[in-house]
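Containing mmCIF, C-alpha atoms: model20.cif.
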data_start
loop_
_atom_site.label_atom_id
_atom_site.label_comp_id
_atom_site.auth_asym_id
_atom_site.auth_seq_id
_atom_site.Cartn_x
_atom_site.Cartn_y
_atom_site.Cartn_z
CA MET A 1 0.00 0.00 0.00
CA VAL A 2 1.24 3.46 -0.91
CA THR A 3 0.86 6.10 1.80
CA LEU A 4 0.34 9.47 0.17
CA ARG A 5 1.37 12.82 1.64
CA VAL A 6 -1.37 15.26 0.69
CA GLY A 7 -1.79 19.02 0.81
CA ILE A 8 -5.26 20.59 0.60
CA LEU A 9 -5.61 24.19 -0.54
CA THR A 10 -8.98 25.93 -0.44
CA VAL A 11 -9.33 28.86 -2.82
CA SER A 12 -12.15 31.19 -1.77
CA ASP A 13 -12.44 34.94 -1.36
CA ARG A 14 -15.32 34.65 1.10
CA SER A 15 -13.66 31.99 3.25
CA ALA A 16 -10.36 33.90 3.21
CA ARG A 17 -12.23 37.00 4.47
CA GLY A 18 -13.96 34.97 7.20
CA GLN A 19 -17.42 35.50 5.67
CA ARG A 20 -18.04 31.79 5.14
CA PRO A 21 -16.47 28.78 6.83
CA ASP A 22 -14.40 26.50 4.64
CA ALA A 23 -16.42 23.29 4.30
CA SER A 24 -14.59 21.68 1.36
CA GLY A 25 -11.09 21.62 2.83
CA PRO A 26 -12.16 19.83 6.01
CA ALA A 27 -14.36 17.39 4.03
CA LEU A 28 -11.42 16.47 1.82
CA LYS A 29 -9.16 16.13 4.88
CA GLU A 30 -11.60 13.73 6.51
CA LYS A 31 -11.75 11.61 3.34
CA ILE A 32 -7.95 11.52 2.94
CA ILE A 33 -7.44 10.51 6.58
CA SER A 34 -10.06 7.76 6.22
CA LEU A 35 -7.89 6.27 3.46
CA GLY A 36 -4.91 6.08 5.79
CA TRP A 37 -3.06 8.84 3.96
CA LEU A 38 -1.39 11.84 5.56
CA VAL A 39 -2.70 15.38 5.31
CA SER A 40 0.60 17.22 5.64
CA GLU A 41 -0.58 20.71 4.73
CA MET A 42 -3.86 22.64 4.84
CA GLY A 43 -4.25 26.14 3.50
CA LEU A 44 -6.75 28.81 2.54
CA VAL A 45 -6.13 31.62 0.06
CA PRO A 46 -8.33 34.13 -1.75
CA ASP A 47 -8.95 33.90 -5.50
CA ASP A 48 -5.65 35.61 -6.22
CA LEU A 49 -3.35 34.32 -8.96
CA ALA A 50 -0.07 35.14 -7.21
CA ALA A 51 -1.24 33.74 -3.85
CA ILE A 52 -2.39 30.45 -5.37
CA GLN A 53 0.78 30.08 -7.45
CA ALA A 54 2.99 30.81 -4.44
CA VAL A 55 1.40 28.14 -2.26
CA LEU A 56 1.36 25.51 -5.02
CA ALA A 57 5.01 26.11 -5.87
CA LYS A 58 6.10 26.20 -2.21
CA TRP A 59 4.25 23.02 -1.32
CA ALA A 60 5.39 21.13 -4.42
CA ASP A 61 9.02 22.25 -4.23
CA GLY A 62 9.71 22.28 -0.54
CA PHE A 63 7.26 20.11 1.35
CA ALA A 64 7.73 16.69 -0.28
CA LEU A 65 4.00 16.33 -0.94
CA ASP A 66 2.80 13.61 -3.29
CA VAL A 67 -0.52 15.25 -4.11
CA ILE A 68 -1.89 18.76 -3.78
CA LEU A 69 -5.67 19.01 -4.01
CA THR A 70 -7.16 22.42 -4.56
CA THR A 71 -10.83 23.10 -3.99
CA GLY A 72 -12.60 26.13 -5.40
CA GLY A 73 -12.05 28.64 -8.15
CA THR A 74 -12.69 26.31 -11.09
CA GLY A 75 -15.91 27.77 -12.49
CA PHE A 76 -16.90 30.60 -14.82
CA ALA A 77 -16.98 33.47 -12.33
CA PRO A 78 -14.49 36.24 -13.20
CA ARG A 79 -12.39 35.53 -10.09
CA ASP A 80 -12.28 31.74 -10.66
CA ILE A 81 -8.62 31.50 -11.65
CA THR A 82 -7.38 28.35 -9.92
CA PRO A 83 -6.84 26.50 -13.24
CA GLU A 84 -4.76 29.38 -14.60
CA ALA A 85 -2.65 29.45 -11.42
CA THR A 86 -2.19 25.69 -11.61
CA GLN A 87 -1.25 25.72 -15.29
CA ALA A 88 1.37 28.39 -14.56
CA VAL A 89 3.16 26.22 -11.98
CA ILE A 90 2.91 22.70 -13.43
CA GLU A 91 5.61 21.29 -15.67
CA ARG A 92 3.52 18.57 -17.30
CA PRO A 93 -0.28 18.42 -17.65
CA ALA A 94 -2.34 15.40 -16.60
CA PRO A 95 -5.51 15.91 -18.66
CA GLY A 96 -6.84 12.37 -18.21
CA LEU A 97 -7.65 13.05 -14.56
CA VAL A 98 -9.69 16.13 -15.42
CA GLU A 99 -11.40 14.38 -18.33
CA ALA A 100 -12.41 11.47 -16.06
CA MET A 101 -13.74 13.76 -13.35
CA ARG A 102 -15.74 15.82 -15.82
CA ALA A 103 -17.18 12.72 -17.54
CA ALA A 104 -18.26 11.22 -14.22
CA SER A 105 -19.70 14.54 -13.03
CA LEU A 106 -21.75 14.84 -16.22
CA GLN A 107 -23.63 11.74 -15.09
CA ILE A 108 -24.71 13.74 -12.03
CA THR A 109 -25.21 17.29 -13.32
CA PRO A 110 -24.99 19.17 -16.62
CA HIS A 111 -23.16 21.89 -14.68
CA ALA A 112 -20.07 19.70 -14.94
CA MET A 113 -19.60 21.24 -18.37
CA LEU A 114 -18.80 24.48 -16.59
CA SER A 115 -15.88 23.03 -14.64
CA ARG A 116 -12.51 24.33 -15.81
CA GLY A 117 -10.31 22.36 -13.43
CA ALA A 118 -6.74 21.47 -14.34
CA ALA A 119 -4.29 18.80 -13.21
CA GLY A 120 -0.60 18.35 -13.69
CA ILE A 121 2.80 17.50 -12.31
CA ARG A 122 5.43 19.74 -10.77
CA GLY A 123 8.56 17.82 -9.92
CA ARG A 124 7.25 14.71 -8.18
CA THR A 125 4.01 16.31 -6.99
CA LEU A 126 0.63 15.83 -8.64
CA ILE A 127 -1.63 18.88 -8.44
CA VAL A 128 -5.38 18.41 -9.03
CA ASN A 129 -8.10 21.08 -9.03
CA LEU A 130 -11.42 20.03 -7.50
CA PRO A 131 -14.69 22.00 -7.44
CA GLY A 132 -15.48 24.26 -4.51
CA SER A 133 -18.58 22.61 -3.11
CA PRO A 134 -17.88 19.86 -0.56
CA ARG A 135 -20.14 17.39 -2.33
CA ALA A 136 -18.66 18.00 -5.79
CA ALA A 137 -15.09 18.00 -4.42
CA LEU A 138 -15.62 14.60 -2.81
CA GLU A 139 -17.42 13.16 -5.85
CA ASN A 140 -14.56 14.24 -8.10
CA LEU A 141 -11.93 12.94 -5.70
CA ASP A 142 -13.69 9.57 -5.64
CA VAL A 143 -13.32 9.37 -9.44
CA ILE A 144 -9.53 9.65 -9.36
CA LEU A 145 -8.83 7.78 -6.10
CA PRO A 146 -8.31 4.41 -7.81
CA VAL A 147 -5.35 5.71 -9.82
CA LEU A 148 -3.65 8.02 -7.31
CA PRO A 149 -1.47 5.39 -5.59
CA HIS A 150 -0.16 4.13 -8.94
CA ALA A 151 0.39 7.68 -10.19
CA ILE A 152 2.47 8.44 -7.12
CA GLN A 153 4.43 5.21 -7.47
CA LEU A 154 5.31 6.31 -11.00
CA LEU A 155 6.32 9.79 -9.86
CA ARG A 156 8.47 8.27 -7.11
CA GLU A 157 10.02 5.92 -9.69
CA ASP A 158 9.03 3.05 -7.42
CA GLU A 159 9.94 -0.30 -9.00
CA ALA A 160 6.68 -1.75 -7.66
CA ALA A 161 4.81 0.52 -10.10
CA GLU A 162 5.77 -1.78 -12.97
CA ALA A 163 4.20 -4.79 -11.24
CA SER A 164 0.76 -3.18 -11.29
CA HIS A 165 0.60 -2.72 -15.07
#

Target encoding structure tokens, full file:
Amino acid sequence: MVTLRVGILTVSDRSARGQRPDASGPALKEKIISLGWLVSEMGLVPDDLAAIQAVLAKWADGFALDVILTTGGTGFAPRDITPEATQAVIERPAPGLVEAMRAASLQITPHAMLSRGAAGIRGRTLIVNLPGSPRAALENLDVILPVLPHAIQLLREDEAAEASH
């Protein structure tokens, strides 16, 4: 079993200003812990390109995280810029994760077509954007959970990764 080290970053102007409690970050944390994985970092930033980029880069480069999950800022609103921040810091895109999440979400709601989430790799860290609502964030996480351990084995260049092909 692969134990993942996970960071969870909530992107929300209202939560950052204290106008609304962050529900998605804690919901994701609970789910990750239930899997036996480690939540090494938790953060909350406003919908600000530089702030999001700074945290993603810092966590990926200096905190030895396997996965960074963002929640929020993936829609059509003018301040929803999490995908742009993510695309600016990743070195290699991972479009299959986003395609799978969107396809599964379309079975639940047509609003999935409005999701602009991104995913990609920086160094040995996988960064995945999830929607901002707790329910949608968890539903999307559930879609990619089956492949995350193998993805991390590949990023770690773990020889056991070849055995699972």

Could you check which of A:Leu126, A:Leu69, A:Ile121, A:Leu49 is closest to Thr10 (chain A), using all atoms listed in the file?
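Distance minimum relative to Thr10 (chain A) lands on A:Leu69.
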
Can you translate the PyMOL selection byres ((chain A and resi 39-44) around 12) into the concrete residues it hits in this file, as a ChimeraX atom specification?
/A:3-18,20-38,45-48,51-52,54-56,58-60,62-73

Which distance in Å separates CA of Ile144 (chain A) and CA of Arg92 (chain A), to one decimal?
17.7 Å

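Going from CA of Leu114 (chain A) over to CA of Ala85 (chain A), you cover 17.7 Å.
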
When you count all atoms listed in the file, which of these residues is closest to Thr109 (chain A): A:Pro78, A:Glu84, A:Asp61, A:Ala136?
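Among the listed residues, A:Ala136 lies closest to Thr109 (chain A).
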
In Å, how far is it from CA of Arg156 (chain A) to CA of Ile90 (chain A)?
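Here the two named atoms are 16.7 Å from each other.
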
When the PyMOL selection byres ((chain A and resi 89) around 8) is applied to the file above, which residues end up in the set, as a count of residues only?
10

Which residue of A:Ala112, A:Val2, A:Ala119, A:Ile81 approaches Pro93 (chain A) most closely, using only C-alpha atoms:
A:Ala119

Once you add 5 Å to each side, what are the centre and edge lengths of the axis-aligned box holding all listed atoms of region 10-21 of chain A? One decimal in Å, as AutoDock Vina command-line options, if you can.
--center_x -13.5 --center_y 31.5 --center_z 2.2 --size_x 19.1 --size_y 21.1 --size_z 20.0

For the structure provided, state which residues fall under the PyMOL selection byres ((chain A and resi 74) around 7), and present them as number ranges by chain.
A: 72-73, 75, 80-83, 115-117, 131

Considering all atoms listed in the file, can you say which of A:Leu141, A:Ala50, A:Ala118, A:Ala161 comes closest to Val98 (chain A)?
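So, comparing all the options, the nearest one is A:Ala118.
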
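The nearest approach to Asn129 (chain A) among the residues A:Leu97, A:Ala163, A:Ala77, A:Ala104, with all atoms listed in the file taken into account, belongs to A:Leu97.
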
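Proximity of A:Glu157, A:Asp142, A:Glu99, A:Glu162 to Arg124 (chain A), computed with only C-alpha atoms, is greatest for A:Glu157.
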
Written coordinates, C-alpha atoms of region 126-148 of chain A as a CSV table (one decimal), in the first residue's frame:
chain,number,residue,atom,x,y,z
A,126,LEU,CA,0.6,15.8,-8.6
A,127,ILE,CA,-1.6,18.9,-8.4
A,128,VAL,CA,-5.4,18.4,-9.0
A,129,ASN,CA,-8.1,21.1,-9.0
A,130,LEU,CA,-11.4,20.0,-7.5
A,131,PRO,CA,-14.7,22.0,-7.4
A,132,GLY,CA,-15.5,24.3,-4.5
A,133,SER,CA,-18.6,22.6,-3.1
A,134,PRO,CA,-17.9,19.9,-0.6
A,135,ARG,CA,-20.1,17.4,-2.3
A,136,ALA,CA,-18.7,18.0,-5.8
A,137,ALA,CA,-15.1,18.0,-4.4
A,138,LEU,CA,-15.6,14.6,-2.8
A,139,GLU,CA,-17.4,13.2,-5.9
A,140,ASN,CA,-14.6,14.2,-8.1
A,141,LEU,CA,-11.9,12.9,-5.7
A,142,ASP,CA,-13.7,9.6,-5.6
A,143,VAL,CA,-13.3,9.4,-9.4
A,144,ILE,CA,-9.5,9.7,-9.4
A,145,LEU,CA,-8.8,7.8,-6.1
A,146,PRO,CA,-8.3,4.4,-7.8
A,147,VAL,CA,-5.3,5.7,-9.8
A,148,LEU,CA,-3.7,8.0,-7.3
